Amino acid sequence: MAAKREHFGGRTAAILALAGSAIGLGNIWRFPYMVGQTGGAAFIIIYLAACLLLSLPIFLAEAIIGHRTHAGTFGAMEQLAPGTRWKWLGLLTVLSPLIILSYYSVVGGWSIGYLWQSVTAGFHASDIGTVSSAYAKFISSPGLPLLFHTLFLLGCAVIVSAGVKSGIEKFNKITMPLLFVLIVVIMVYSISLPGAAPGVSYLLKPDFSKITPSAVAAAMGQSFFSLSLGVGTILTYASYIRKDENILATGLGTVGFDLLFALIAGFAIMPAVFAAGIEPGAGPGLIFETLPYIFAKMGTSVPWLSAVVAVLFFVTIVFAAFTSAISMYEVGVAYLVEQRGLSRHKATVLIFLGCWILGALCSLSFGPLAETKLFGLSIFSFCDMLTSNFLMTFGGLLFVLFVGWKMDKSVVRDEFTSGGTARFNCAVFDAFWFLLRYVAPIAIVVIFLTNFLA
Ligand code: PFF
């Protein structure tokens, strides 16, 4: 079965696909906001340390499992720990990305809706209240959000059903460089706006007094989310990386791109937010409130330029969401193809149906199903809370424990050092092993407890 598996064409293709999974709404909105609120440049330093000392080892742990076995999450566990309870980790990490995909597709759908509006009508509201109520009206209406959710998921299905090489690899190879060009163009526009300077210093002014234990936990949690850890997407993509490829180099490349994109996104968003004279706030909802207001406000000076930037911005958001969503989609498809013997096409259709139904319930939970509560939360918020606060961290912890404490050290070393041929990797293996066995599990428990107590 392993011989028939597809592979990414090379290191660049692998890094672009992994970066495609990592770069998403987390980079475009959550990171810039967190930087500003939590100490500016001081937070960036902590975030950098969290990426390198915590998230990179976890990323590598997942990648080592996938690369070693050349199988999806469930198959990988069956290969490395046959007949044990570890298969439940394999199963959990098939389910959790599909739950995320279901509600992610709803937000992806909203982005398509706003892209559509930016192309057809533009944004003209004169105050933020009007923008907010238009947003609330849009997401609570049953028709359009469902239509856009369907379109978003259908787009993912088309890419994933085309296969690893002709679908996922090709799409990421075109989209990822384009995303970088777009975000740089938007950054240049944003920084050049009158009144943008405070937005730049909001990101750059180091304020070490804001570096509290909870800020450190927040940086760790953000780097975890941003690198799509703990849900099997990294494992599955790494299973498509060729045997002779250097896993550490691939990991460093992915972390580097993810970080770079987050930083550029910060300088694309915050200067414009300040130039428009509004308070920066958090949450994906604000993409659909704050940004349209900014575009409306900027439109009063140079209307055509602001209209073009609005379109570019929503194109960026839609495509960043697409590249993340297909990585989650692929986890489910790999399971159905490899473990259940389905054709790729059938597997794609089945995942589409399952995620469409759960996504539709999430979408309707803003309107007709608003009163349906799970543990006091709407269906959408429940799925979000369950996955980002619990399943991701829990999955990450189990992956780390599996590689650090269950797998044979010589096998891990063999993967990490490309069979002892990569000199630099050999030199840093002991540091990696220490971070993986001791630092990562403790840090994940800290993130978990922070989420739990919050
Ligand atoms: N890393 C993505 C972001 O920063 O937006 C979110 C994400 C993608 C989480 C894929 C989980 C996942 F499996």
# chains A, B, ... in the order shown; residues from 1 in each chain; ligands from 1

$ residues_around --residues "A:Gly221" --least-positions-apart "3" --cutoff "12 Å" --atoms "only C-alpha atoms" --output "PyMOL selection string"
chain A and resi 26+30-31+34+46-47+50-51+54-55+214-218+224-230+388-390+392-393+396+443-451

$ residues_around --residues "A:Ile247" --least-positions-apart "5" --cutoff "8 Å" --atoms "only C-alpha atoms" --output "list in words"
Leu60, Ala63, Ile64, Glu415, Phe416 and Ser418 of chain A

$ write_last_selection --atoms "N, CA, C and O atoms" --output "PDB file, in the first residue's frame"
ATOM      1  N   LEU A  60       7.913  18.779  14.983  1.00  0.00           N
ATOM      2  CA  LEU A  60       8.818  17.721  14.522  1.00  0.00           C
ATOM      3  C   LEU A  60       8.352  16.347  15.013  1.00  0.00           C
ATOM      4  O   LEU A  60       8.481  15.350  14.295  1.00  0.00           O
ATOM      5  N   ALA A  63       5.684  15.346  12.732  1.00  0.00           N
ATOM      6  CA  ALA A  63       6.256  15.087  11.401  1.00  0.00           C
ATOM      7  C   ALA A  63       7.026  13.762  11.395  1.00  0.00           C
ATOM      8  O   ALA A  63       6.972  13.012  10.418  1.00  0.00           O
ATOM      9  N   ILE A  64       7.713  13.469  12.490  1.00  0.00           N
ATOM     10  CA  ILE A  64       8.494  12.227  12.562  1.00  0.00           C
ATOM     11  C   ILE A  64       7.564  11.008  12.467  1.00  0.00           C
ATOM     12  O   ILE A  64       7.849  10.049  11.752  1.00  0.00           O
ATOM     13  N   GLU A 415      15.151   9.268  12.221  1.00  0.00           N
ATOM     14  CA  GLU A 415      14.301  10.170  11.445  1.00  0.00           C
ATOM     15  C   GLU A 415      14.833  11.596  11.498  1.00  0.00           C
ATOM     16  O   GLU A 415      14.900  12.295  10.495  1.00  0.00           O
ATOM     17  N   PHE A 416      15.184  12.020  12.698  1.00  0.00           N
ATOM     18  CA  PHE A 416      15.594  13.412  12.923  1.00  0.00           C
ATOM     19  C   PHE A 416      16.882  13.743  12.169  1.00  0.00           C
ATOM     20  O   PHE A 416      17.079  14.858  11.696  1.00  0.00           O
ATOM     21  N   SER A 418      18.099  12.106   9.459  1.00  0.00           N
ATOM     22  CA  SER A 418      18.098  11.468   8.132  1.00  0.00           C
ATOM     23  C   SER A 418      19.090  10.310   8.109  1.00  0.00           C
ATOM     24  O   SER A 418      20.005  10.255   7.285  1.00  0.00           O
TER      25      SER A 418
END

$ residues_near_ligand --ligand "ligand 1" --cutoff "9 Å" --atoms "only C-alpha atoms and all ligand atoms" --output "JSON, numbers by chain"
{"A": [19, 20, 21, 22, 23, 24, 25, 26, 27, 28, 29, 30, 31, 96, 97, 98, 100, 101, 104, 222, 223, 224, 225, 226, 227, 228, 229, 230, 231, 232, 233, 234, 258, 262, 320, 321, 323, 324, 325, 326, 327, 328, 329, 331, 387, 388, 392]}

$ residues_around --residues "A:Gly167" --least-positions-apart "6" --cutoff "10 Å" --atoms "only C-alpha atoms" --output "PyMOL selection string"
chain A and resi 156-161+326

$ write_last_selection --atoms "C-alpha atoms" --output "compact mmCIF listing (two decimals), in the first residue's frame"
# COMPACT_ATOMS: atom_id res chain seq x y z
CA CYS A 156 -11.80 22.40 -0.75
CA ALA A 157 -13.37 19.20 -2.05
CA VAL A 158 -12.36 19.96 -5.63
CA ILE A 159 -8.72 20.58 -4.63
CA VAL A 160 -8.45 17.57 -2.30
CA SER A 161 -10.11 15.15 -4.72
CA ILE A 326 -7.60 21.58 2.75

$ select_by_dssp --residues "stretch 16-127 of chain A" --states "helix (DSSP H, G or I)" --output "compact mmCIF listing (two decimals) with N, CA and C atoms, in the first residue's frame"
# COMPACT_ATOMS: atom_id res chain seq x y z
N LEU A 16 5.76 24.61 1.37
CA LEU A 16 4.63 25.46 0.98
C LEU A 16 3.30 24.86 1.44
N ALA A 17 3.20 23.53 1.34
CA ALA A 17 1.95 22.89 1.78
C ALA A 17 1.80 23.02 3.30
N LEU A 18 2.88 22.76 4.03
CA LEU A 18 2.81 22.86 5.50
C LEU A 18 2.56 24.31 5.92
N ALA A 19 3.22 25.24 5.24
CA ALA A 19 2.99 26.66 5.56
C ALA A 19 1.56 27.04 5.20
N GLY A 20 1.03 26.42 4.15
CA GLY A 20 -0.36 26.67 3.77
C GLY A 20 -1.30 26.28 4.89
N SER A 21 -1.00 25.16 5.55
CA SER A 21 -1.83 24.75 6.67
C SER A 21 -1.68 25.73 7.83
N ALA A 22 -0.44 26.13 8.07
CA ALA A 22 -0.16 26.97 9.24
C ALA A 22 -0.70 28.40 9.08
N LEU A 25 -6.22 32.44 9.52
CA LEU A 25 -6.79 33.56 10.30
C LEU A 25 -5.96 33.85 11.55
N GLY A 26 -5.34 32.82 12.08
CA GLY A 26 -4.51 32.98 13.27
C GLY A 26 -3.40 33.99 13.05
N ASN A 27 -2.82 34.00 11.85
CA ASN A 27 -1.74 34.94 11.55
C ASN A 27 -2.29 36.33 11.23
N ILE A 28 -3.43 36.34 10.51
CA ILE A 28 -3.89 37.62 9.97
C ILE A 28 -4.54 38.49 11.04
N TRP A 29 -5.27 37.87 11.94
CA TRP A 29 -5.91 38.74 12.92
C TRP A 29 -5.43 38.51 14.35
N ARG A 30 -5.37 37.24 14.77
CA ARG A 30 -5.12 36.97 16.18
C ARG A 30 -3.72 37.42 16.60
N PHE A 31 -2.73 37.13 15.74
CA PHE A 31 -1.36 37.47 16.12
C PHE A 31 -1.14 38.98 16.27
N PRO A 32 -1.52 39.79 15.25
CA PRO A 32 -1.31 41.24 15.40
C PRO A 32 -1.94 41.80 16.67
N TYR A 33 -3.15 41.34 16.95
CA TYR A 33 -3.86 41.83 18.13
C TYR A 33 -3.11 41.47 19.41
N MET A 34 -2.65 40.22 19.46
CA MET A 34 -1.96 39.77 20.68
C MET A 34 -0.66 40.52 20.90
N VAL A 35 0.05 40.80 19.82
CA VAL A 35 1.30 41.54 19.93
C VAL A 35 1.04 42.89 20.59
N GLY A 36 0.04 43.59 20.06
CA GLY A 36 -0.25 44.92 20.58
C GLY A 36 -0.67 44.92 22.04
N GLN A 37 -1.50 43.94 22.40
CA GLN A 37 -2.04 43.90 23.75
C GLN A 37 -1.04 43.40 24.78
N ALA A 41 7.01 44.56 20.91
CA ALA A 41 8.22 43.83 20.52
C ALA A 41 8.63 42.80 21.56
N ALA A 42 8.34 43.08 22.83
CA ALA A 42 8.69 42.13 23.88
C ALA A 42 7.94 40.82 23.67
N PHE A 43 6.66 40.95 23.27
CA PHE A 43 5.86 39.75 23.00
C PHE A 43 6.43 38.98 21.80
N ILE A 44 6.88 39.74 20.79
CA ILE A 44 7.42 39.08 19.59
C ILE A 44 8.62 38.20 19.97
N ILE A 45 9.46 38.70 20.88
CA ILE A 45 10.63 37.90 21.30
C ILE A 45 10.16 36.61 22.00
N ILE A 46 9.17 36.77 22.87
CA ILE A 46 8.66 35.59 23.58
C ILE A 46 8.01 34.62 22.61
N TYR A 47 7.30 35.19 21.65
CA TYR A 47 6.62 34.35 20.66
C TYR A 47 7.65 33.55 19.85
N LEU A 48 8.73 34.24 19.50
CA LEU A 48 9.81 33.59 18.74
C LEU A 48 10.37 32.41 19.54
N ALA A 49 10.60 32.65 20.82
CA ALA A 49 11.13 31.59 21.69
C ALA A 49 10.12 30.45 21.79
N ALA A 50 8.82 30.78 21.91
CA ALA A 50 7.79 29.74 22.01
C ALA A 50 7.76 28.89 20.73
N CYS A 51 7.92 29.57 19.58
CA CYS A 51 7.91 28.83 18.30
C CYS A 51 9.09 27.87 18.24
N LEU A 52 10.27 28.35 18.61
CA LEU A 52 11.48 27.53 18.44
C LEU A 52 11.63 26.47 19.51
N LEU A 53 11.31 26.83 20.76
CA LEU A 53 11.57 25.90 21.87
C LEU A 53 10.41 24.98 22.18
N LEU A 54 9.20 25.40 21.81
CA LEU A 54 8.05 24.56 22.12
C LEU A 54 7.38 24.01 20.84
N SER A 55 6.95 24.91 19.98
CA SER A 55 6.13 24.46 18.86
C SER A 55 6.94 23.70 17.81
N LEU A 56 8.20 24.11 17.60
CA LEU A 56 9.01 23.38 16.62
C LEU A 56 9.22 21.92 17.05
N PRO A 57 9.62 21.66 18.32
CA PRO A 57 9.73 20.25 18.72
C PRO A 57 8.42 19.45 18.58
N ILE A 58 7.28 20.11 18.90
CA ILE A 58 6.01 19.38 18.76
C ILE A 58 5.72 19.11 17.28
N PHE A 59 5.98 20.14 16.48
CA PHE A 59 5.81 20.01 15.03
C PHE A 59 6.65 18.83 14.52
N LEU A 60 7.91 18.78 14.98
CA LEU A 60 8.82 17.72 14.52
C LEU A 60 8.35 16.35 15.01
N ALA A 61 7.78 16.31 16.22
CA ALA A 61 7.29 15.03 16.74
C ALA A 61 6.20 14.48 15.81
N GLU A 62 5.24 15.36 15.48
CA GLU A 62 4.17 14.93 14.56
C GLU A 62 4.74 14.53 13.22
N ALA A 63 5.68 15.35 12.73
CA ALA A 63 6.26 15.09 11.40
C ALA A 63 7.03 13.76 11.40
N ILE A 64 7.71 13.47 12.49
CA ILE A 64 8.49 12.23 12.56
C ILE A 64 7.56 11.01 12.47
N ILE A 65 6.41 11.09 13.15
CA ILE A 65 5.47 9.95 13.09
C ILE A 65 5.00 9.75 11.64
N GLY A 66 4.58 10.86 11.00
CA GLY A 66 4.07 10.75 9.63
C GLY A 66 5.14 10.31 8.64
N HIS A 67 6.33 10.91 8.79
CA HIS A 67 7.41 10.63 7.85
C HIS A 67 7.92 9.20 8.01
N ARG A 68 7.94 8.73 9.24
CA ARG A 68 8.43 7.37 9.50
C ARG A 68 7.51 6.32 8.88
N THR A 69 6.21 6.55 9.05
CA THR A 69 5.25 5.50 8.69
C THR A 69 4.70 5.66 7.27
N THR A 73 -3.00 9.46 10.26
CA THR A 73 -2.89 9.40 11.72
C THR A 73 -3.21 8.01 12.28
N PHE A 74 -4.32 7.42 11.85
CA PHE A 74 -4.73 6.13 12.40
C PHE A 74 -3.75 5.03 11.99
N GLY A 75 -3.41 4.99 10.71
CA GLY A 75 -2.48 3.97 10.19
C GLY A 75 -1.12 4.09 10.86
N ALA A 76 -0.70 5.33 11.12
CA ALA A 76 0.62 5.55 11.73
C ALA A 76 0.66 4.93 13.12
N MET A 77 -0.41 5.13 13.89
CA MET A 77 -0.45 4.57 15.24
C MET A 77 -0.51 3.04 15.19
N GLU A 78 -1.25 2.52 14.23
CA GLU A 78 -1.34 1.06 14.10
C GLU A 78 0.02 0.45 13.74
N GLN A 79 0.80 1.23 12.95
CA GLN A 79 2.13 0.72 12.56
C GLN A 79 3.12 0.76 13.71
N LEU A 80 3.12 1.89 14.42
CA LEU A 80 4.16 2.09 15.44
C LEU A 80 3.81 1.46 16.78
N LYS A 87 -4.24 3.67 19.27
CA LYS A 87 -5.10 3.84 18.09
C LYS A 87 -6.16 4.91 18.33
N TRP A 88 -6.52 5.11 19.61
CA TRP A 88 -7.52 6.15 19.90
C TRP A 88 -6.98 7.53 19.60
N LEU A 89 -5.65 7.69 19.75
CA LEU A 89 -5.05 8.98 19.36
C LEU A 89 -5.17 9.14 17.84
N GLY A 90 -4.94 8.03 17.13
CA GLY A 90 -5.11 8.05 15.67
C GLY A 90 -6.51 8.45 15.28
N LEU A 91 -7.49 7.94 16.01
CA LEU A 91 -8.88 8.21 15.68
C LEU A 91 -9.28 9.64 16.08
N LEU A 92 -8.82 10.04 17.28
CA LEU A 92 -9.11 11.40 17.76
C LEU A 92 -8.62 12.43 16.76
N THR A 93 -7.41 12.18 16.22
CA THR A 93 -6.84 13.17 15.30
C THR A 93 -7.35 13.00 13.88
N VAL A 94 -8.28 12.07 13.67
CA VAL A 94 -9.04 12.10 12.42
C VAL A 94 -10.26 13.00 12.65
N LEU A 95 -10.84 12.86 13.83
CA LEU A 95 -12.09 13.59 14.11
C LEU A 95 -11.89 15.08 14.37
N SER A 96 -10.85 15.40 15.19
CA SER A 96 -10.75 16.82 15.59
C SER A 96 -10.52 17.77 14.40
N PRO A 97 -9.67 17.45 13.41
CA PRO A 97 -9.57 18.40 12.30
C PRO A 97 -10.87 18.53 11.51
N LEU A 98 -11.67 17.46 11.50
CA LEU A 98 -12.93 17.55 10.74
C LEU A 98 -13.95 18.42 11.46
N ILE A 99 -13.89 18.42 12.81
CA ILE A 99 -14.78 19.33 13.54
C ILE A 99 -14.33 20.78 13.28
N ILE A 100 -12.99 20.99 13.34
CA ILE A 100 -12.50 22.36 13.07
C ILE A 100 -12.90 22.78 11.66
N LEU A 101 -12.70 21.86 10.70
CA LEU A 101 -13.02 22.18 9.31
C LEU A 101 -14.47 22.63 9.16
N SER A 102 -15.38 21.97 9.89
CA SER A 102 -16.80 22.27 9.74
C SER A 102 -17.11 23.73 10.09
N TYR A 103 -16.56 24.20 11.20
CA TYR A 103 -16.90 25.60 11.53
C TYR A 103 -15.96 26.59 10.84
N TYR A 104 -14.74 26.12 10.53
CA TYR A 104 -13.79 26.97 9.78
C TYR A 104 -14.40 27.30 8.41
N SER A 105 -15.11 26.31 7.85
CA SER A 105 -15.73 26.51 6.54
C SER A 105 -16.83 27.58 6.61
N VAL A 106 -17.47 27.69 7.77
CA VAL A 106 -18.49 28.74 7.92
C VAL A 106 -17.83 30.12 7.86
N VAL A 107 -16.70 30.26 8.58
CA VAL A 107 -15.98 31.55 8.57
C VAL A 107 -15.37 31.78 7.18
N GLY A 108 -14.85 30.71 6.58
CA GLY A 108 -14.34 30.82 5.21
C GLY A 108 -15.44 31.30 4.28
N GLY A 109 -16.66 30.79 4.51
CA GLY A 109 -17.81 31.21 3.70
C GLY A 109 -18.12 32.69 3.89
N TRP A 110 -18.09 33.16 5.13
CA TRP A 110 -18.31 34.61 5.37
C TRP A 110 -17.28 35.42 4.57
N SER A 111 -16.03 34.93 4.57
CA SER A 111 -14.98 35.67 3.84
C SER A 111 -15.32 35.74 2.36
N ILE A 112 -15.85 34.64 1.82
CA ILE A 112 -16.25 34.67 0.40
C ILE A 112 -17.36 35.72 0.22
N GLY A 113 -18.29 35.73 1.18
CA GLY A 113 -19.39 36.70 1.11
C GLY A 113 -18.86 38.14 1.11
N TYR A 114 -17.89 38.42 1.97
CA TYR A 114 -17.33 39.78 2.04
C TYR A 114 -16.48 40.09 0.82
N LEU A 115 -15.82 39.06 0.28
CA LEU A 115 -15.06 39.27 -0.96
C LEU A 115 -16.04 39.67 -2.07
N TRP A 116 -17.14 38.94 -2.10
CA TRP A 116 -18.17 39.23 -3.10
C TRP A 116 -18.66 40.67 -2.96
N GLN A 117 -18.90 41.06 -1.72
CA GLN A 117 -19.37 42.44 -1.52
C GLN A 117 -18.30 43.46 -1.91
N SER A 118 -17.02 43.14 -1.60
CA SER A 118 -15.97 44.10 -1.93
C SER A 118 -15.83 44.26 -3.45
N VAL A 119 -16.14 43.20 -4.20
CA VAL A 119 -16.06 43.28 -5.67
C VAL A 119 -17.28 43.99 -6.24
N THR A 120 -18.46 43.63 -5.73
CA THR A 120 -19.68 44.14 -6.37
C THR A 120 -20.11 45.52 -5.87

$ atom_distance --atom1 "atom CA of A:Ala296" --atom2 "atom CA of A:Ala125"
6.0 Å

$ residues_around --residues "A:Ala196" --least-positions-apart "5" --cutoff "12 Å" --atoms "only C-alpha atoms" --output "list in words"
Met187, Val188, Tyr189, Ser190, Ile191, Ser201, Tyr202, Leu203, Phe267, Ala268, Ile269, Met270, Pro271, Ala272, Val273, Phe274, Ala275, Ala276, Gly277, Ile278 and Met298 of chain A

$ closest_residue --among "A:Leu377, A:Ile183, A:Ala81, A:Val318" --to "A:Phe402" --atoms "only C-alpha atoms"
A:Ala81

$ closest_residue --among "A:Ile211, A:Trp86, A:Ala71, A:Thr38" --to "A:Leu336" --atoms "only C-alpha atoms"
A:Ala71

$ closest_residue --among "A:Val131, A:Ala238, A:Leu248, A:Val255" --to "A:Phe424" --atoms "only C-alpha atoms"
A:Leu248

$ closest_residue --among "A:Val439, A:Ile379, A:Ala162, A:Val185" --to "A:Phe313" --atoms "only C-alpha atoms"
A:Val185

$ atom_distance --atom1 "atom CA of A:Leu386" --atom2 "atom CA of A:Val403"
24.5 Å

$ closest_residue --among "A:Cys383, A:Val315, A:Phe148, A:Gly163" --to "A:Ser365" --atoms "only C-alpha atoms"
A:Cys383
